[in-house]
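Here the structure comes first, spelled out in structure tokens, and everything after it is commentary.
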Amino acid sequence: MSATLPALPPVLDLIGTAVFALTGALLAARLRQTLVTMSFFALVTGVGGGSVRDLLIGAPVFWVRDPWVAPVCLGVALLAWFTPRKWWDGQLLEWADAAGLGTYAVLGTAKALAFGVAPVPAMVMGVVTGCVGGIIRDVLAGRPSILMRPELYVTAAALSSALVALGQVAALPHALVWPLAALAGFALRGMAIRFGLALPAYRKG
């Protein structure tokens with residue numbers, strides 16, 4: 001295992017977690033749920049992917065040891081509770097989520113690689129980090145999850161993760177590969193938001 005694990009600056013890391021948590025809180029708000037439910041949705045969405053990744057690779061679960069992650073998720077739920085939902089309409093949150101998706105797919109893959117996971121499983125761990133929180137959120141809400149929609153979402157996380165894994169195999173410098181991989185995932189997700197890009201559905205008889 002590498003002595004130094006990949007990490008964002010703490011403030012950026014918390015902002016990224018808060019963006020994911022906000023998507024969970026706002027979904028609960030649309031469903032007219034209680035503050036308790038909104039808080040639960042915020043926490044699950046914010047930490048779900050990273051928690052599953054850490055459990056699978058045998059790492060300490062990140063948010064249990066960080067004193068700020070859970071309070072930030074719960075604070076986001078309070079923010080959503082006390083603000084009008086129309087404040088969050090539009091695509092601003094989607095674009096912020098896209099940035100978080102690419103970034104956390106990169107960090108999830110890099111962390112798995114640092115724990116000695118092989119490149120392909122590490123790539124899967126990157127996708128898990130970026131997407132599983134949202135999948136859990138959608139399943140709990142009883143709506144089709146991002147995994148079941150044709151829009152490019154999971155694919156964007158997979159692109160970022162694959163580039164990090166390929167960079168590791170090619171022994172390219174992390175300082176070059178990681179930012180480019182995050183930007184690639186963000187760009188692909190951004191094109192899906194802007195132009196409605198989607199994967200073709202199975203159509204065989």
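Just remember, in the structure tokens the first chain shown is A, the second B, etc., residues are 1-based per chain, and ligands are 1-based in the order shown.
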
Can you tell me, as a PyMOL selection string, which residues in region 67-118 of chain A count as alpha helix (DSSP H) by DSSP? chain A and resi 69-82+92-114

Show me, as a PDB file with N, CA and C atoms, in the first residue's frame, the residues that have an atom within 8 Å of Ser161 (chain A) when counting only C-alpha atoms, minus same-chain residues fewer than 6 positions from it.
ATOM      1  N   ALA A 105     -14.537  10.064  -8.978  1.00  0.00           N
ATOM      2  CA  ALA A 105     -14.185   8.844  -9.706  1.00  0.00           C
ATOM      3  C   ALA A 105     -12.671   8.697  -9.782  1.00  0.00           C
ATOM      4  N   VAL A 106     -11.976   9.807 -10.011  1.00  0.00           N
ATOM      5  CA  VAL A 106     -10.511   9.795 -10.044  1.00  0.00           C
ATOM      6  C   VAL A 106      -9.945   9.412  -8.675  1.00  0.00           C
ATOM      7  N   GLY A 108     -11.380   7.898  -6.179  1.00  0.00           N
ATOM      8  CA  GLY A 108     -11.733   6.535  -5.795  1.00  0.00           C
ATOM      9  C   GLY A 108     -10.838   5.506  -6.462  1.00  0.00           C
ATOM     10  N   THR A 109     -10.572   5.707  -7.747  1.00  0.00           N
ATOM     11  CA  THR A 109      -9.667   4.798  -8.461  1.00  0.00           C
ATOM     12  C   THR A 109      -8.260   4.887  -7.888  1.00  0.00           C
ATOM     13  N   ALA A 122      -9.827  -1.537  -9.619  1.00  0.00           N
ATOM     14  CA  ALA A 122      -9.680  -0.170  -9.115  1.00  0.00           C
ATOM     15  C   ALA A 122     -10.548   0.797  -9.911  1.00  0.00           C
ATOM     16  N   MET A 123     -10.633   0.575 -11.220  1.00  0.00           N
ATOM     17  CA  MET A 123     -11.507   1.394 -12.046  1.00  0.00           C
ATOM     18  C   MET A 123     -12.965   1.259 -11.593  1.00  0.00           C
ATOM     19  N   VAL A 124     -13.360   0.026 -11.291  1.00  0.00           N
ATOM     20  CA  VAL A 124     -14.726  -0.197 -10.784  1.00  0.00           C
ATOM     21  C   VAL A 124     -14.923   0.545  -9.468  1.00  0.00           C
ATOM     22  N   GLY A 126     -13.584   3.317  -8.655  1.00  0.00           N
ATOM     23  CA  GLY A 126     -13.794   4.718  -8.994  1.00  0.00           C
ATOM     24  C   GLY A 126     -15.231   5.000  -9.372  1.00  0.00           C
ATOM     25  N   VAL A 127     -15.810   4.107 -10.164  1.00  0.00           N
ATOM     26  CA  VAL A 127     -17.221   4.257 -10.536  1.00  0.00           C
ATOM     27  C   VAL A 127     -18.114   4.151  -9.305  1.00  0.00           C
ATOM     28  N   ALA A 181      -7.980  13.301 -16.269  1.00  0.00           N
ATOM     29  CA  ALA A 181      -9.045  12.305 -16.123  1.00  0.00           C
ATOM     30  C   ALA A 181     -10.306  12.929 -15.525  1.00  0.00           C
TER      31      ALA A 181
END

Counting only C-alpha atoms, the option among A:Ala187, A:Val64, A:Ala80, A:Met148 closest to Leu27 (chain A): A:Ala80

Identify, on the basis of only C-alpha atoms, every residue whose closest approach to Arg53 (chain A) does not exceed 9 Å; exclude the query and any residue fewer than 2 positions from it along the same chain; express the result as a VMD selection string. chain A and resid 48 to 51 55 to 59 61 108 112 125 to 126 128 to 129

Hey, what's within 6 Å of Gly24 (chain A) if we count only C-alpha atoms and toss same-chain stuff fewer than 6 positions away? As an mmCIF file with all heavy atoms, in the first residue's frame, please?
data_model
loop_
_atom_site.group_PDB
_atom_site.id
_atom_site.type_symbol
_atom_site.label_atom_id
_atom_site.label_comp_id
_atom_site.auth_asym_id
_atom_site.auth_seq_id
_atom_site.Cartn_x
_atom_site.Cartn_y
_atom_site.Cartn_z
ATOM 1 N N PHE A 41 -31.113 11.180 3.654
ATOM 2 C CA PHE A 41 -30.820 11.174 2.222
ATOM 3 C C PHE A 41 -29.525 11.930 1.929
ATOM 4 O O PHE A 41 -28.716 11.508 1.103
ATOM 5 C CB PHE A 41 -31.981 11.787 1.434
ATOM 6 C CG PHE A 41 -33.015 10.798 0.989
ATOM 7 C CD1 PHE A 41 -33.616 9.945 1.895
ATOM 8 C CD2 PHE A 41 -33.392 10.723 -0.334
ATOM 9 C CE1 PHE A 41 -34.578 9.032 1.488
ATOM 10 C CE2 PHE A 41 -34.350 9.811 -0.758
ATOM 11 C CZ PHE A 41 -34.947 8.958 0.156
ATOM 12 N N ALA A 42 -29.331 13.054 2.602
ATOM 13 C CA ALA A 42 -28.118 13.843 2.393
ATOM 14 C C ALA A 42 -26.879 13.038 2.794
ATOM 15 O O ALA A 42 -25.879 12.996 2.057
ATOM 16 C CB ALA A 42 -28.192 15.145 3.187
ATOM 17 N N THR A 45 -26.291 9.950 0.397
ATOM 18 C CA THR A 45 -25.819 10.357 -0.923
ATOM 19 C C THR A 45 -24.396 10.904 -0.853
ATOM 20 O O THR A 45 -23.572 10.644 -1.730
ATOM 21 C CB THR A 45 -26.755 11.419 -1.525
ATOM 22 O OG1 THR A 45 -28.111 10.966 -1.448
ATOM 23 C CG2 THR A 45 -26.401 11.687 -2.975
#

Using only C-alpha atoms, which of A:Leu172, A:Ala198, A:Val19, A:Leu5 sits nearest Trp95 (chain A)?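 Comparing A:Leu172, A:Ala198, A:Val19, A:Leu5 against Trp95 (chain A), the winner is A:Val19.
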
Mind checking which residues fall within 10 Å of Leu79 (chain A), counting only C-alpha atoms, ignoring those fewer than 6 positions away in the same chain, and posting them as a VMD selection string? chain A and resid 22 25 to 26 73

Store the residues picked out above in a file with all heavy atoms, as a PDB file, in the first residue's frame.
ATOM      1  N   LEU A  22     -26.380  17.506  -1.137  1.00  0.00           N
ATOM      2  CA  LEU A  22     -27.486  18.390  -1.482  1.00  0.00           C
ATOM      3  C   LEU A  22     -28.437  17.739  -2.473  1.00  0.00           C
ATOM      4  O   LEU A  22     -29.664  17.923  -2.383  1.00  0.00           O
ATOM      5  CB  LEU A  22     -26.947  19.706  -2.042  1.00  0.00           C
ATOM      6  CG  LEU A  22     -27.975  20.790  -2.355  1.00  0.00           C
ATOM      7  CD1 LEU A  22     -28.781  21.164  -1.113  1.00  0.00           C
ATOM      8  CD2 LEU A  22     -27.292  22.024  -2.941  1.00  0.00           C
ATOM      9  N   ALA A  25     -30.699  15.617  -0.359  1.00  0.00           N
ATOM     10  CA  ALA A  25     -31.652  16.410   0.420  1.00  0.00           C
ATOM     11  C   ALA A  25     -32.747  16.987  -0.463  1.00  0.00           C
ATOM     12  O   ALA A  25     -33.932  17.000  -0.088  1.00  0.00           O
ATOM     13  CB  ALA A  25     -30.916  17.526   1.152  1.00  0.00           C
ATOM     14  N   LEU A  26     -32.378  17.452  -1.651  1.00  0.00           N
ATOM     15  CA  LEU A  26     -33.378  18.059  -2.536  1.00  0.00           C
ATOM     16  C   LEU A  26     -34.349  17.022  -3.090  1.00  0.00           C
ATOM     17  O   LEU A  26     -35.528  17.335  -3.315  1.00  0.00           O
ATOM     18  CB  LEU A  26     -32.677  18.791  -3.682  1.00  0.00           C
ATOM     19  CG  LEU A  26     -31.898  20.041  -3.274  1.00  0.00           C
ATOM     20  CD1 LEU A  26     -31.178  20.636  -4.481  1.00  0.00           C
ATOM     21  CD2 LEU A  26     -32.821  21.082  -2.645  1.00  0.00           C
ATOM     22  N   CYS A  73     -22.861  17.172   5.824  1.00  0.00           N
ATOM     23  CA  CYS A  73     -24.035  16.557   5.179  1.00  0.00           C
ATOM     24  C   CYS A  73     -25.322  16.954   5.898  1.00  0.00           C
ATOM     25  O   CYS A  73     -26.326  17.291   5.257  1.00  0.00           O
ATOM     26  CB  CYS A  73     -23.890  15.038   5.157  1.00  0.00           C
ATOM     27  SG  CYS A  73     -22.598  14.424   4.052  1.00  0.00           S
TER      28      CYS A  73
END

Using only C-alpha atoms, which residues sit within 10 Å of Gly190 (chain A) once same-chain residues fewer than 4 positions away are excluded, as a PyMOL selection string? chain A and resi 94-99+152-153+156+184-186+194-197

Include all heavy atoms and write out the residues we just selected as a CSV table (one decimal), in the first residue's frame.
chain,number,residue,atom,x,y,z
A,94,GLU,N,-26.6,20.4,-11.3
A,94,GLU,CA,-26.2,19.4,-12.2
A,94,GLU,C,-24.8,19.5,-12.6
A,94,GLU,O,-24.0,18.6,-12.7
A,94,GLU,CB,-27.1,19.3,-13.4
A,94,GLU,CG,-28.4,18.6,-13.2
A,94,GLU,CD,-29.1,18.3,-14.5
A,94,GLU,OE1,-28.8,17.2,-15.1
A,94,GLU,OE2,-30.0,19.0,-14.9
A,95,TRP,N,-24.4,20.8,-12.9
A,95,TRP,CA,-23.0,21.0,-13.3
A,95,TRP,C,-22.0,20.8,-12.1
A,95,TRP,O,-20.9,20.3,-12.3
A,95,TRP,CB,-22.9,22.4,-13.9
A,95,TRP,CG,-23.4,22.5,-15.3
A,95,TRP,CD1,-24.6,23.0,-15.6
A,95,TRP,CD2,-22.8,22.2,-16.5
A,95,TRP,NE1,-24.8,22.9,-17.0
A,95,TRP,CE2,-23.7,22.4,-17.6
A,95,TRP,CE3,-21.5,21.6,-16.8
A,95,TRP,CZ2,-23.3,22.2,-18.9
A,95,TRP,CZ3,-21.2,21.4,-18.1
A,95,TRP,CH2,-22.1,21.6,-19.1
A,96,ALA,N,-22.4,21.2,-11.0
A,96,ALA,CA,-21.6,21.0,-9.8
A,96,ALA,C,-21.5,19.5,-9.5
A,96,ALA,O,-20.4,19.0,-9.2
A,96,ALA,CB,-22.2,21.7,-8.6
A,97,ASP,N,-22.6,18.8,-9.7
A,97,ASP,CA,-22.5,17.3,-9.5
A,97,ASP,C,-21.6,16.7,-10.5
A,97,ASP,O,-20.9,15.7,-10.2
A,97,ASP,CB,-23.9,16.8,-9.6
A,97,ASP,CG,-24.0,15.3,-9.4
A,97,ASP,OD1,-23.9,14.8,-8.3
A,97,ASP,OD2,-24.1,14.6,-10.5
A,98,ALA,N,-21.6,17.2,-11.8
A,98,ALA,CA,-20.7,16.7,-12.8
A,98,ALA,C,-19.3,16.8,-12.4
A,98,ALA,O,-18.4,15.9,-12.7
A,98,ALA,CB,-21.0,17.4,-14.1
A,99,ALA,N,-18.9,18.0,-11.9
A,99,ALA,CA,-17.6,18.2,-11.4
A,99,ALA,C,-17.2,17.2,-10.3
A,99,ALA,O,-16.1,16.7,-10.3
A,99,ALA,CB,-17.4,19.7,-11.0
A,152,LEU,N,-25.8,9.8,-20.1
A,152,LEU,CA,-24.4,9.5,-19.7
A,152,LEU,C,-24.0,10.1,-18.4
A,152,LEU,O,-23.9,11.3,-18.2
A,152,LEU,CB,-23.4,10.2,-20.8
A,152,LEU,CG,-23.6,9.6,-22.2
A,152,LEU,CD1,-22.5,10.3,-23.1
A,152,LEU,CD2,-23.4,8.1,-22.2
A,153,TYR,N,-24.0,9.2,-17.4
A,153,TYR,CA,-23.7,9.5,-16.0
A,153,TYR,C,-22.6,8.6,-15.5
A,153,TYR,O,-21.5,8.9,-15.3
A,153,TYR,CB,-24.9,9.5,-15.1
A,153,TYR,CG,-24.6,10.1,-13.7
A,153,TYR,CD1,-24.9,11.5,-13.5
A,153,TYR,CD2,-24.1,9.3,-12.7
A,153,TYR,CE1,-24.6,12.0,-12.2
A,153,TYR,CE2,-23.9,9.9,-11.5
A,153,TYR,CZ,-24.1,11.2,-11.2
A,153,TYR,OH,-23.9,11.8,-10.0
A,156,ALA,N,-19.6,8.6,-17.7
A,156,ALA,CA,-18.6,9.6,-17.4
A,156,ALA,C,-17.7,9.3,-16.3
A,156,ALA,O,-16.4,9.5,-16.3
A,156,ALA,CB,-19.3,10.9,-17.1
A,184,ALA,N,-11.9,15.0,-18.2
A,184,ALA,CA,-12.6,14.2,-19.2
A,184,ALA,C,-14.0,13.7,-18.7
A,184,ALA,O,-14.9,13.8,-19.5
A,184,ALA,CB,-11.7,13.0,-19.6
A,185,GLY,N,-14.0,13.3,-17.5
A,185,GLY,CA,-15.4,12.8,-17.0
A,185,GLY,C,-16.3,14.0,-16.9
A,185,GLY,O,-17.5,13.9,-17.2
A,186,PHE,N,-15.8,15.1,-16.4
A,186,PHE,CA,-16.7,16.3,-16.3
A,186,PHE,C,-17.2,16.8,-17.7
A,186,PHE,O,-18.3,17.1,-17.9
A,186,PHE,CB,-15.9,17.5,-15.6
A,186,PHE,CG,-16.6,18.8,-15.7
A,186,PHE,CD1,-17.7,19.0,-14.9
A,186,PHE,CD2,-16.2,19.8,-16.5
A,186,PHE,CE1,-18.4,20.2,-14.9
A,186,PHE,CE2,-16.8,21.0,-16.6
A,186,PHE,CZ,-17.9,21.2,-15.7
A,194,ARG,N,-25.8,19.2,-21.5
A,194,ARG,CA,-26.0,20.2,-22.5
A,194,ARG,C,-26.8,19.7,-23.8
A,194,ARG,O,-27.7,20.4,-24.3
A,194,ARG,CB,-24.7,20.8,-23.0
A,194,ARG,CG,-24.8,21.9,-24.0
A,194,ARG,CD,-25.5,23.2,-23.4
A,194,ARG,NE,-25.5,24.2,-24.4
A,194,ARG,CZ,-26.5,24.4,-25.4
A,194,ARG,NH1,-27.4,23.4,-25.4
A,194,ARG,NH2,-26.4,25.4,-26.2
A,195,PHE,N,-26.4,18.5,-24.2
A,195,PHE,CA,-27.0,18.0,-25.5
A,195,PHE,C,-27.8,16.8,-25.4
A,195,PHE,O,-28.3,16.3,-26.3
A,195,PHE,CB,-25.8,17.7,-26.5
A,195,PHE,CG,-24.9,18.9,-26.8
A,195,PHE,CD1,-23.6,18.9,-26.3
A,195,PHE,CD2,-25.4,20.0,-27.5
A,195,PHE,CE1,-22.8,20.0,-26.5
A,195,PHE,CE2,-24.6,21.1,-27.7
A,195,PHE,CZ,-23.3,21.1,-27.3
A,196,GLY,N,-28.0,16.3,-24.1
A,196,GLY,CA,-28.9,15.2,-23.9
A,196,GLY,C,-28.3,13.9,-24.4
A,196,GLY,O,-29.0,13.0,-24.9
A,197,LEU,N,-27.0,13.8,-24.4
A,197,LEU,CA,-26.3,12.5,-24.9
A,197,LEU,C,-26.7,11.3,-24.0
A,197,LEU,O,-26.8,11.4,-22.8
A,197,LEU,CB,-24.8,12.7,-24.9
A,197,LEU,CG,-24.2,13.8,-25.8
A,197,LEU,CD1,-22.7,13.8,-25.7
A,197,LEU,CD2,-24.7,13.7,-27.2

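Closest to Ala192 (chain A) among A:Val154, A:Val76, A:Ala21, A:Leu113 is A:Val154, based on only C-alpha atoms.
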
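Reported to one decimal place, the separation of CA of Gln91 (chain A) from CA of Ala28 (chain A) is 18.1 Å.
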
Taking only C-alpha atoms into account, which of A:Leu159, A:Gly167, A:Pro150, A:Arg137 comes nearest Pro200 (chain A)?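 Result for the nearest residue to Pro200 (chain A): A:Pro150.
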
Pick out the closest residue to Pro67 (chain A) from this set: A:Gly134, A:Gly100, A:Pro10, A:Gly116. Count only C-alpha atoms. A:Pro10
